[in-house]
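Have a look at run16.cif; it's mmCIF, C-alpha atoms:
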```
data_upload
loop_
_atom_site.label_atom_id
_atom_site.label_comp_id
_atom_site.auth_asym_id
_atom_site.auth_seq_id
_atom_site.Cartn_x
_atom_site.Cartn_y
_atom_site.Cartn_z
CA MET A 1431 15.41 43.90 -25.53
CA MET A 1432 13.47 41.97 -28.14
CA SER A 1433 14.60 38.41 -27.55
CA PRO A 1434 11.57 37.17 -25.56
CA LEU A 1435 9.44 37.45 -28.68
CA ALA A 1436 11.45 34.96 -30.68
CA GLU A 1437 11.84 32.54 -27.82
CA ARG A 1438 8.15 32.38 -27.13
CA LEU A 1439 6.87 31.95 -30.65
CA PRO A 1440 6.17 28.41 -31.88
CA PRO A 1441 8.73 27.21 -34.42
CA ALA A 1442 7.26 26.91 -37.88
CA THR A 1443 9.69 24.61 -39.68
CA PRO A 1444 9.72 21.35 -37.62
CA ALA A 1445 6.05 20.85 -38.44
CA LEU A 1446 6.95 20.59 -42.10
CA HIS A 1447 9.30 17.67 -41.52
CA ARG A 1448 6.93 15.82 -39.25
CA THR A 1449 3.79 16.07 -41.29
CA GLY A 1450 5.05 15.85 -44.83
CA LEU A 1451 5.17 18.06 -47.84
CA LEU A 1452 1.44 18.34 -48.53
CA LEU A 1453 0.60 19.57 -45.10
CA GLY A 1454 3.70 21.73 -45.25
CA LEU A 1455 2.46 23.34 -48.44
CA ALA A 1456 -0.96 23.81 -46.91
CA LEU A 1457 0.60 25.54 -43.93
CA LEU A 1458 2.66 27.74 -46.21
CA LEU A 1459 -0.43 28.68 -48.18
CA ALA A 1460 -2.27 29.40 -44.95
CA GLY A 1461 0.60 31.71 -44.09
CA CYS A 1462 3.14 30.40 -41.62
CA ALA A 1463 4.72 33.02 -39.42
CA ASP A 1464 7.94 34.09 -41.10
CA MET A 1465 10.45 34.42 -38.29
CA THR A 1466 13.28 35.68 -40.46
CA SER A 1467 11.70 38.50 -42.45
CA THR A 1468 12.60 42.05 -41.62
CA SER A 1469 9.44 43.30 -43.36
CA ALA A 1470 6.37 44.11 -41.34
CA PRO A 1471 3.63 41.48 -41.71
CA ARG A 1472 1.24 42.01 -44.60
CA LEU A 1473 -1.96 43.98 -44.10
CA THR A 1474 -5.29 44.22 -45.87
CA LYS A 1475 -6.26 47.64 -47.19
CA ASP A 1476 -8.07 48.24 -43.90
CA GLY A 1477 -4.82 47.84 -42.02
CA ALA A 1478 -5.90 44.48 -40.59
CA ALA A 1479 -3.64 41.44 -40.45
CA ALA A 1480 -3.72 39.78 -43.86
CA ARG A 1481 -3.11 36.37 -42.27
CA SER A 1482 -4.37 34.82 -39.08
CA ASN A 1483 -0.90 34.36 -37.58
CA TYR A 1484 0.34 37.92 -37.45
CA ALA A 1485 3.84 37.63 -36.04
CA VAL A 1486 5.84 40.47 -34.51
CA THR A 1487 9.43 39.32 -34.17
CA PRO A 1488 12.80 40.80 -33.18
CA LYS A 1489 13.57 40.86 -36.92
CA ASN A 1490 10.55 42.86 -38.02
CA ILE A 1491 9.85 45.05 -34.98
CA ASP A 1492 11.65 48.02 -36.53
CA ALA A 1493 9.43 47.81 -39.63
CA VAL A 1494 6.35 47.38 -37.44
CA ARG A 1495 7.32 50.44 -35.42
CA ALA A 1496 7.90 52.46 -38.60
CA ARG A 1497 4.44 51.51 -39.85
CA ALA A 1498 2.87 52.37 -36.49
CA LEU A 1499 4.63 55.73 -36.57
CA ASP A 1500 3.24 56.41 -40.06
CA THR A 1501 -0.25 55.48 -38.92
CA VAL A 1502 -0.08 57.75 -35.88
CA ASN A 1503 1.38 60.62 -37.89
CA ASN A 1504 -1.23 60.25 -40.65
CA THR A 1505 -3.94 60.42 -38.00
CA ARG A 1506 -2.33 63.50 -36.44
CA SER A 1507 -1.77 65.13 -39.81
CA SER A 1508 -5.45 64.74 -40.73
CA ALA A 1509 -6.26 66.58 -37.48
CA GLY A 1510 -3.79 69.37 -38.36
CA LEU A 1511 -1.19 68.25 -35.83
CA GLY A 1512 2.55 67.83 -36.17
CA PRO A 1513 4.32 64.49 -36.47
CA LEU A 1514 5.89 62.47 -33.66
CA ALA A 1515 9.33 60.85 -33.74
CA LEU A 1516 10.20 57.44 -32.31
CA ASP A 1517 11.96 57.63 -28.96
CA GLY A 1518 14.27 54.84 -27.78
CA SER A 1519 13.44 55.31 -24.10
CA LEU A 1520 9.71 55.32 -24.71
CA ASN A 1521 10.10 52.23 -26.91
CA SER A 1522 11.91 50.45 -24.05
CA ALA A 1523 9.26 51.46 -21.52
CA ALA A 1524 6.49 50.27 -23.86
CA GLU A 1525 8.31 47.01 -24.51
CA ARG A 1526 8.68 46.33 -20.80
CA HIS A 1527 5.01 47.02 -20.16
CA SER A 1528 3.81 44.79 -23.01
CA ALA A 1529 5.72 41.87 -21.48
CA SER A 1530 4.32 42.74 -18.06
CA MET A 1531 0.74 42.79 -19.35
CA SER A 1532 1.26 39.34 -20.86
CA ARG A 1533 2.44 38.03 -17.48
CA GLN A 1534 -0.49 39.71 -15.74
CA LYS A 1535 -2.90 38.63 -18.48
CA ARG A 1536 -4.41 42.09 -18.25
CA ALA A 1537 -4.45 45.12 -20.53
CA TRP A 1538 -4.06 48.08 -18.19
CA ALA A 1539 -1.67 50.85 -17.22
CA PHE A 1540 0.05 49.30 -14.22
CA GLY A 1541 2.95 46.85 -14.02
CA GLU A 1542 2.85 43.86 -11.68
CA ASP A 1543 5.34 45.84 -9.58
CA GLY A 1544 2.76 48.64 -9.29
CA SER A 1545 4.67 50.85 -11.72
CA SER A 1546 2.75 53.60 -13.50
CA PRO A 1547 3.47 54.59 -17.12
CA ILE A 1548 5.18 57.77 -15.87
CA HIS A 1549 7.47 55.75 -13.61
CA ARG A 1550 8.39 53.28 -16.33
CA ALA A 1551 9.22 56.03 -18.82
CA SER A 1552 11.42 57.71 -16.25
CA GLN A 1553 13.15 54.41 -15.39
CA ALA A 1554 13.81 53.81 -19.08
CA GLY A 1555 15.65 57.13 -19.20
CA PHE A 1556 12.99 59.32 -20.80
CA GLN A 1557 13.91 62.91 -19.99
CA GLY A 1558 10.89 64.65 -21.49
CA GLY A 1559 7.35 65.14 -20.21
CA PHE A 1560 5.30 61.96 -20.26
CA LEU A 1561 1.80 62.54 -21.70
CA GLY A 1562 -0.05 59.27 -22.03
CA GLU A 1563 -0.20 55.57 -22.73
CA MET A 1564 -2.52 53.26 -24.65
CA VAL A 1565 -2.60 49.48 -24.49
CA SER A 1566 -4.37 46.76 -26.41
CA GLU A 1567 -4.75 43.01 -26.01
CA THR A 1568 -5.60 41.61 -29.43
CA TYR A 1569 -4.63 39.26 -32.24
CA GLN A 1570 -4.66 42.23 -34.60
CA SER A 1571 -2.04 44.44 -36.24
CA GLU A 1572 -0.55 47.64 -34.81
CA VAL A 1573 -2.48 49.57 -37.45
CA GLN A 1574 -5.81 48.17 -36.30
CA ALA A 1575 -4.82 48.73 -32.67
CA ILE A 1576 -4.18 52.41 -33.44
CA ALA A 1577 -7.45 52.66 -35.39
CA THR A 1578 -9.31 51.22 -32.39
CA TRP A 1579 -7.66 53.70 -30.01
CA ALA A 1580 -8.39 56.56 -32.40
CA ALA A 1581 -12.09 55.65 -32.46
CA LYS A 1582 -12.44 56.09 -28.68
CA PRO A 1583 -12.64 59.79 -27.70
CA GLU A 1584 -10.71 59.45 -24.42
CA LEU A 1585 -7.87 57.57 -26.14
CA ARG A 1586 -8.00 59.67 -29.29
CA ALA A 1587 -7.22 62.70 -27.10
CA ILE A 1588 -3.91 61.07 -26.08
CA LEU A 1589 -3.03 60.23 -29.67
CA LEU A 1590 -3.91 63.79 -30.75
CA ASP A 1591 -2.28 65.64 -27.85
CA PRO A 1592 -1.01 68.87 -29.47
CA ARG A 1593 1.99 68.93 -27.10
CA ALA A 1594 3.24 65.50 -28.15
CA THR A 1595 6.49 65.09 -30.08
CA ARG A 1596 7.78 61.64 -29.06
CA LEU A 1597 6.37 58.14 -29.53
CA GLY A 1598 7.20 54.73 -28.08
CA ILE A 1599 5.78 51.43 -29.30
CA GLY A 1600 6.11 48.06 -27.63
CA ALA A 1601 4.83 44.60 -28.48
CA PHE A 1602 4.87 41.26 -26.76
CA GLN A 1603 3.47 38.14 -28.39
CA ASP A 1604 2.17 35.11 -26.52
CA PRO A 1605 2.74 31.57 -27.85
CA ASP A 1606 -0.86 31.56 -29.16
CA MET A 1607 -0.01 34.74 -31.17
CA LYS A 1608 -1.97 37.09 -28.96
CA LEU A 1609 -0.36 40.54 -29.07
CA TRP A 1610 0.04 43.00 -26.22
CA TRP A 1611 0.56 46.47 -27.69
CA THR A 1612 1.74 49.49 -25.73
CA LEU A 1613 1.98 52.99 -27.17
CA ASN A 1614 3.59 55.80 -25.16
CA VAL A 1615 3.35 59.49 -25.99
CA GLY A 1616 5.62 62.20 -24.64
CA GLN A 1617 7.04 65.61 -25.37
CA MET B 240 1.36 54.05 -47.90
CA TRP B 241 0.13 50.97 -46.15
CA VAL B 242 -2.95 52.48 -44.68
CA SER B 243 -3.83 55.37 -46.91
CA LYS B 244 -6.86 54.85 -49.06
CA THR B 245 -7.03 56.55 -52.42
CA GLU B 246 -8.91 59.81 -52.46
CA GLN B 247 -11.72 58.16 -54.33
CA GLU B 248 -11.97 55.35 -51.81
CA MET B 249 -11.99 57.85 -48.99
CA ALA B 250 -14.70 59.92 -50.65
CA GLN B 251 -16.83 56.83 -51.24
CA SER B 252 -16.24 55.62 -47.76
CA PHE B 253 -17.09 59.00 -46.30
CA ASN B 254 -20.27 59.34 -48.32
CA ARG B 255 -21.34 55.85 -47.30
CA ARG B 256 -20.77 56.78 -43.70
CA ARG B 257 -22.77 59.95 -44.05
CA LEU B 258 -25.63 57.95 -45.52
CA LEU B 259 -25.48 55.45 -42.70
CA GLY B 260 -25.45 58.23 -40.14
CA TYR B 261 -23.96 58.21 -36.70
CA GLY B 262 -26.62 55.90 -35.24
CA ALA B 263 -25.58 53.08 -37.50
CA PHE B 264 -21.98 53.56 -36.47
CA ALA B 265 -22.74 53.64 -32.81
CA ALA B 266 -24.77 50.46 -33.18
CA ALA B 267 -21.97 48.75 -35.06
CA GLY B 268 -19.42 49.95 -32.54
CA LEU B 269 -17.48 51.72 -35.23
CA ALA B 270 -16.06 55.15 -35.81
CA ALA B 271 -16.60 57.98 -33.37
CA PRO B 272 -18.00 61.22 -34.78
CA GLY B 273 -14.58 62.84 -34.44
CA LEU B 274 -13.29 60.61 -37.20
CA LEU B 275 -16.15 61.62 -39.45
CA ARG B 276 -15.54 65.29 -38.84
CA ALA B 277 -11.91 64.83 -39.73
CA GLN B 278 -13.10 63.54 -43.13
CA VAL B 279 -9.70 62.17 -44.05
CA THR B 280 -9.64 58.95 -42.11
CA MET B 281 -6.62 56.71 -42.37
CA VAL B 282 -8.06 53.43 -41.18
CA GLN B 283 -11.24 52.36 -39.48
CA PRO B 284 -11.43 49.70 -36.81
CA THR B 285 -12.58 46.60 -38.64
CA GLN B 286 -15.71 44.99 -37.30
CA GLY B 287 -15.30 41.59 -35.66
CA HIS B 288 -11.75 42.13 -34.43
CA HIS B 289 -11.49 42.07 -30.69
CA HIS B 290 -9.32 44.65 -28.97
CA ASN B 291 -9.23 44.93 -25.21
CA VAL B 292 -7.97 48.49 -24.78
CA ALA B 293 -7.15 50.94 -22.00
CA GLY B 294 -5.56 54.35 -21.74
CA PHE B 295 -3.70 56.51 -19.27
CA SER B 296 -3.45 60.30 -19.37
CA ALA B 297 -0.75 62.17 -17.46
CA GLN B 298 -2.10 65.03 -15.32
CA ARG B 299 -0.73 68.35 -14.03
CA TRP B 300 -2.17 69.65 -10.78
CA GLN B 301 -2.19 73.18 -12.22
CA ASP B 302 -4.87 72.12 -14.70
CA HIS B 303 -7.22 71.18 -11.86
CA PHE B 304 -6.39 73.14 -8.70
CA GLN B 305 -5.60 76.76 -7.82
CA HIS B 306 -3.08 75.77 -5.13
CA LEU B 307 -1.70 72.76 -3.23
CA ARG B 308 -2.50 73.83 0.34
CA LYS B 309 -3.21 70.61 2.29
CA GLY B 310 -2.36 68.72 -0.91
CA ALA B 311 -4.65 67.65 -3.75
CA ILE B 312 -6.21 64.42 -4.98
CA LEU B 313 -7.37 63.98 -8.57
CA CYS B 314 -9.50 60.90 -9.27
CA ASP B 315 -9.40 60.41 -13.05
CA LEU B 316 -12.38 58.11 -13.54
CA THR B 317 -11.57 57.72 -17.25
CA SER B 318 -8.02 56.45 -16.76
CA ARG B 319 -9.15 54.75 -13.50
CA VAL B 320 -6.27 56.33 -11.64
CA LEU B 321 -5.86 58.43 -8.48
CA HIS B 322 -3.20 61.17 -8.45
CA PHE B 323 -1.97 62.82 -5.27
CA TRP B 324 0.27 65.87 -4.95
CA SER B 325 1.59 66.92 -1.55
CA GLU B 326 1.57 70.58 -0.51
CA ASP B 327 5.37 70.88 -0.96
CA GLU B 328 5.16 69.02 -4.32
CA GLN B 329 7.83 66.63 -3.04
CA THR B 330 5.41 63.71 -3.17
CA TYR B 331 3.48 62.72 -6.28
CA LEU B 332 1.65 59.39 -6.23
CA VAL B 333 -0.22 57.57 -9.00
CA TYR B 334 -2.38 54.63 -7.96
CA PRO B 335 -4.79 52.42 -9.90
CA SER B 336 -8.35 52.63 -8.58
CA SER B 337 -11.78 51.16 -8.90
CA VAL B 338 -14.31 53.58 -10.37
CA PRO B 339 -18.11 53.90 -10.40
CA ARG B 340 -19.76 51.13 -12.34
CA ASP B 341 -21.94 53.42 -14.46
CA GLU B 342 -22.92 57.04 -15.04
CA GLU B 343 -25.85 56.81 -12.66
CA HIS B 344 -23.39 56.19 -9.82
CA THR B 345 -20.86 58.77 -10.99
CA GLN B 346 -20.39 62.08 -9.20
CA LEU B 347 -17.99 64.53 -10.83
CA GLY B 348 -16.60 67.82 -9.53
CA TYR B 349 -14.80 69.23 -6.52
CA THR B 350 -15.04 68.21 -2.87
CA GLU B 351 -12.65 67.65 0.03
CA ILE B 352 -11.77 65.15 2.72
CA VAL B 353 -14.03 65.67 5.74
CA LEU B 354 -13.12 62.63 7.87
CA LYS B 355 -10.31 60.07 8.04
CA ARG B 356 -11.13 56.61 9.37
CA ARG B 357 -8.78 53.73 10.20
CA ASN B 358 -10.23 50.21 9.92
CA PRO B 359 -13.69 51.57 9.12
CA THR B 360 -16.98 49.85 9.68
CA TRP B 361 -18.93 49.67 6.45
CA VAL B 362 -22.56 50.73 6.55
CA PRO B 363 -24.37 50.17 3.25
CA THR B 364 -26.31 53.21 2.07
CA PRO B 365 -30.13 53.09 2.12
CA THR B 366 -30.07 52.87 -1.69
CA MET B 367 -27.76 49.85 -1.58
CA ARG B 368 -29.94 48.06 0.95
CA ALA B 369 -33.07 48.85 -1.03
CA ALA B 370 -31.43 47.35 -4.14
CA ASP B 371 -30.12 44.33 -2.25
CA PRO B 372 -32.11 43.55 0.93
CA THR B 373 -29.70 40.70 1.77
CA LEU B 374 -26.95 43.25 2.61
CA PRO B 375 -26.12 43.38 6.32
CA ALA B 376 -26.82 46.59 8.27
CA SER B 377 -23.06 46.94 8.77
CA VAL B 378 -19.78 45.08 8.23
CA PRO B 379 -17.08 45.31 10.91
CA PRO B 380 -13.39 45.94 10.06
CA GLY B 381 -11.62 42.98 8.50
CA PRO B 382 -10.86 41.26 5.20
CA GLU B 383 -14.56 41.09 4.26
CA ASN B 384 -15.03 44.83 4.63
CA PRO B 385 -15.57 46.51 1.23
CA MET B 386 -13.94 49.69 2.55
CA GLY B 387 -10.69 47.86 3.24
CA SER B 388 -8.29 49.18 5.86
CA ARG B 389 -8.86 52.95 5.50
CA ALA B 390 -11.66 55.29 4.49
CA LEU B 391 -11.49 58.97 3.55
CA ASN B 392 -14.97 60.44 3.75
CA LEU B 393 -15.62 63.17 1.19
CA GLY B 394 -17.86 66.23 1.41
CA TRP B 395 -20.42 64.46 -0.76
CA GLN B 396 -22.62 62.23 1.43
CA TYR B 397 -21.75 58.52 1.13
CA TYR B 398 -18.78 59.11 -1.22
CA ARG B 399 -15.39 57.86 -0.04
CA ILE B 400 -11.86 57.06 -1.15
CA HIS B 401 -11.17 53.76 0.56
CA GLY B 402 -9.34 50.43 0.54
CA ILE B 403 -10.67 47.26 -0.97
CA ASP B 404 -11.87 43.75 -0.13
CA ASN B 405 -11.60 42.31 -3.63
CA LEU B 406 -8.42 43.05 -5.62
CA ASP B 407 -10.23 42.43 -8.92
CA LYS B 408 -12.17 45.68 -8.46
CA ILE B 409 -9.03 47.81 -8.90
CA GLY B 410 -8.80 49.30 -12.38
CA ARG B 411 -12.38 48.32 -13.13
CA PRO B 412 -15.82 49.97 -13.02
CA ALA B 413 -16.92 48.20 -9.87
CA SER B 414 -18.15 50.72 -7.28
CA SER B 415 -21.37 52.50 -6.37
CA GLY B 416 -19.64 55.87 -6.67
CA CYS B 417 -16.58 55.52 -4.47
CA VAL B 418 -12.95 55.22 -5.51
CA GLY B 419 -11.25 52.11 -4.12
CA LEU B 420 -7.47 51.59 -3.83
CA PHE B 421 -5.30 48.62 -2.93
CA ASN B 422 -5.03 48.59 0.88
CA PRO B 423 -1.26 49.32 0.96
CA ASN B 424 -1.87 52.31 -1.32
CA VAL B 425 -4.74 53.77 0.70
CA GLU B 426 -2.70 53.27 3.87
CA GLU B 427 0.15 55.29 2.37
CA LEU B 428 -2.21 57.99 1.09
CA PHE B 429 -4.00 58.15 4.46
CA GLU B 430 -0.83 59.37 6.19
CA LEU B 431 -0.25 62.11 3.59
CA VAL B 432 -3.69 63.73 3.50
CA GLN B 433 -5.71 65.65 6.05
CA VAL B 434 -9.21 66.92 6.62
CA GLY B 435 -9.54 69.69 4.05
CA THR B 436 -7.34 68.09 1.37
CA GLN B 437 -8.87 69.05 -1.99
CA VAL B 438 -10.40 66.33 -4.13
CA ARG B 439 -11.55 66.38 -7.71
CA PHE B 440 -13.47 63.58 -9.45
CA LEU B 441 -12.76 64.02 -13.17
#
```
Serialized structure, structure tokens:
Amino acid sequence: MMSPLAERLPPATPALHRTGLLLGLALLLAGCADMTSTSAPRLTKDGAAARSNYAVTPKNIDAVRARALDTVNNTRSSAGLGPLALDGSLNSAAERHSASMSRQKRAWAFGEDGSSPIHRASQAGFQGGFLGEMVSETYQSEVQAIATWAAKPELRAILLDPRATRLGIGAFQDPDMKLWWTLNVGQ
Amino acid sequence: MWVSKTEQEMAQSFNRRRLLGYGAFAAAGLAAPGLLRAQVTMVQPTQGHHHNVAGFSAQRWQDHFQHLRKGAILCDLTSRVLHFWSEDEQTYLVYPSSVPRDEEHTQLGYTEIVLKRRNPTWVPTPTMRAADPTLPASVPPGPENPMGSRALNLGWQYYRIHGIDNLDKIGRPASSGCVGLFNPNVEELFELVQVGTQVRFL
């Protein structure tokens, strides 16, 4: 499910050979995207990307999802609400929609096939009740995407739906590092 | 954790916010009052980062209508989506829609379909023509018609659910109060609704 991410990201290492060690070191210091790490990319204390090239890869998506889950659950906990658990079907639906938004170059709820979030969740095998979806087109981290959603009342209501128990998170990254985030909530 | 501030940081941050007041936050495009009320905030959106965001809320007809006689249409202007439930509940449709461009043009509440029109002629309202005197008195059916291929007149004067001339309007705040759908979608909806079908603009 995750392979398109890796294939579409620019390779970091060939540049080192072509341009010599000094430039290579400079690139390393500037923070080349690490395509092999299973850790989520580093954040500042505000939850923003610590480096300009924030890479979400097939290797680190699990760590990114875990961090997103923590962020959502911390937000819910501070509002007196119970935690959500990651859901494989909702993850798949979110993943599919992130890729679709990249193709459409548009952050919105509908797929290029006209599919609604409810339809996609159902197609991905989600058996529960679908509650809502949030999307973001940004160069920023999942944590900052969630913070931005949480600051908008109409989106905050989805994040803080008292009925919610399940969470899906999808990412797709363009070659220029732009991220298309999708977050699905269900019960 | 990654995003948790220490209690001291949170207290400082909260006090600073209280000093700034909500006006300063609104001006800076920062936290909504809900976050301030919660007091324990995990992370704030950082200024200067661009996020193009959108949201979709699922809807149950029972939360909006007493019954489904003649079916029901819910236009969620926040999610920019039209929901339709048929009387027998066998058909449930979710379509993206255009929505009113601002609050001044936004009518909320309950109405119903009062007239169904195929290939409608578009007649700009007096307000539209006053605002833009170059508008024609009417536009015949065809690809240039802002009502698209179908129009469902609502009980509110001048308000319609209709098709579209410009696909870019769908999913965006682009109308003078109406809800526009892709033409194939409004054509499908047209066959499923009748005069008297309930409509809510939410």
Between CA of Ala1523 in chain A and CA of Phe323 in chain B, what is the distance in Å, rounded to a tenth?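 One can read the CA of Ala1523 in chain A to CA of Phe323 in chain B distance as 22.8 Å.
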Do a neighbour search on range 1492-1506 of chain A at 6 Å with all atoms listed in the file, toss out local chain neighbours closer than 2 positions, and write the hits as a ChimeraX atom specification. /A:1469-1470,1490,1508-1509,1511,1513,1590
What residues in chain A have any atom no more than 7 Å from chain B when counting all atoms listed in the file, and can you write them as a PyMOL selection string? chain A and resi 1475-1477+1504-1505+1508-1509+1537-1539+1546+1560-1568+1574+1577-1578+1581-1582+1585+1588
Env of Ala1529 in chain A: 10 Å cut, atoms = all atoms listed in the file, seq-sep filter 6 positions within chain, self excluded. Answer as a list in words.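 Here the qualifying residues turn out to be Pro1434, Leu1435, Lys1535, Gly1541, Gly1600, Ala1601, Phe1602, Gln1603, Asp1604, Leu1609, Trp1610, Trp1611 and Thr1612 of chain A.
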What does the distance between CA of Gln346 in chain B and CA of Leu393 in chain B come to in Å, to one decimal place? 11.5 Å
Using all atoms listed in the file, can you list as a list in words the residues within 6 Å of (6.6, 54.1, -28.0)? Leu1520, Asn1521, Ala1524, Leu1597, Gly1598, Ile1599, Leu1613 and Asn1614 of chain A
Enumerate, as a PyMOL selection string, the residues matched when the PyMOL selection byres ((chain B and resi 379) around 12) is run on the file above. chain B and resi 357-363+375-378+380-388
Got a sec: who's within 12 Å of Thr364 in chain B, counting all atoms listed in the file, leaving out chain neighbours fewer than 2 positions off, as JSON, numbers by chain? {"B": [361, 362, 366, 367, 368, 369, 370, 371, 372, 374, 375, 376, 377, 396, 397, 398, 415, 416, 417]}
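Around Val438 in chain B, within 7 Å and counting only C-alpha atoms, the residues found are Ala311, Ile312, Leu313, Tyr349, Thr350 and Glu351 of chain B, once anything fewer than 5 positions away on its own chain is removed.
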Let me see the file: selected residues, C-alpha atoms, as a CSV table (one decimal), in the frame of the given file.
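Now in result_6.csv:
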```
chain,number,residue,atom,x,y,z
B,311,ALA,CA,-4.6,67.6,-3.8
B,312,ILE,CA,-6.2,64.4,-5.0
B,313,LEU,CA,-7.4,64.0,-8.6
B,349,TYR,CA,-14.8,69.2,-6.5
B,350,THR,CA,-15.0,68.2,-2.9
B,351,GLU,CA,-12.6,67.6,0.0
```
Just want the 12 Å neighbourhood of Glu430 in chain B, counted on all atoms listed in the file, with same-chain residues fewer than 6 positions away dropped. Output as a list in words. Gly310, Ser325, Lys355, Arg356, Arg357, Arg389, Ala390, Leu391, Pro423, Asn424 and Thr436 of chain B
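When all atoms listed in the file are used to measure the gap to Ala1480 in chain A, the shortest distance among A:Leu1516, A:Val1615, A:Val1573, A:Ala1594 belongs to A:Val1573.
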So what do you get for CA of Glu427 in chain B versus CA of Arg1526 in chain A, distance-wise?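 Between these atoms lies a distance of 26.3 Å.
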Restricting the calculation to only C-alpha atoms: of A:Pro1592, A:Gly1555, A:Pro1471, A:Gly1510, which residue gets closest to Ala1485 in chain A? A:Pro1471
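What the PyMOL selection byres ((chain A and resi 1543) around 12) matches in the given file is Arg1526, His1527, Ser1530, Met1531, Arg1533, Gln1534, Ala1539, Phe1540, Gly1541, Glu1542, Gly1544, Ser1545, Ser1546, Pro1547, His1549 and Arg1550 of chain A; Tyr334 of chain B.
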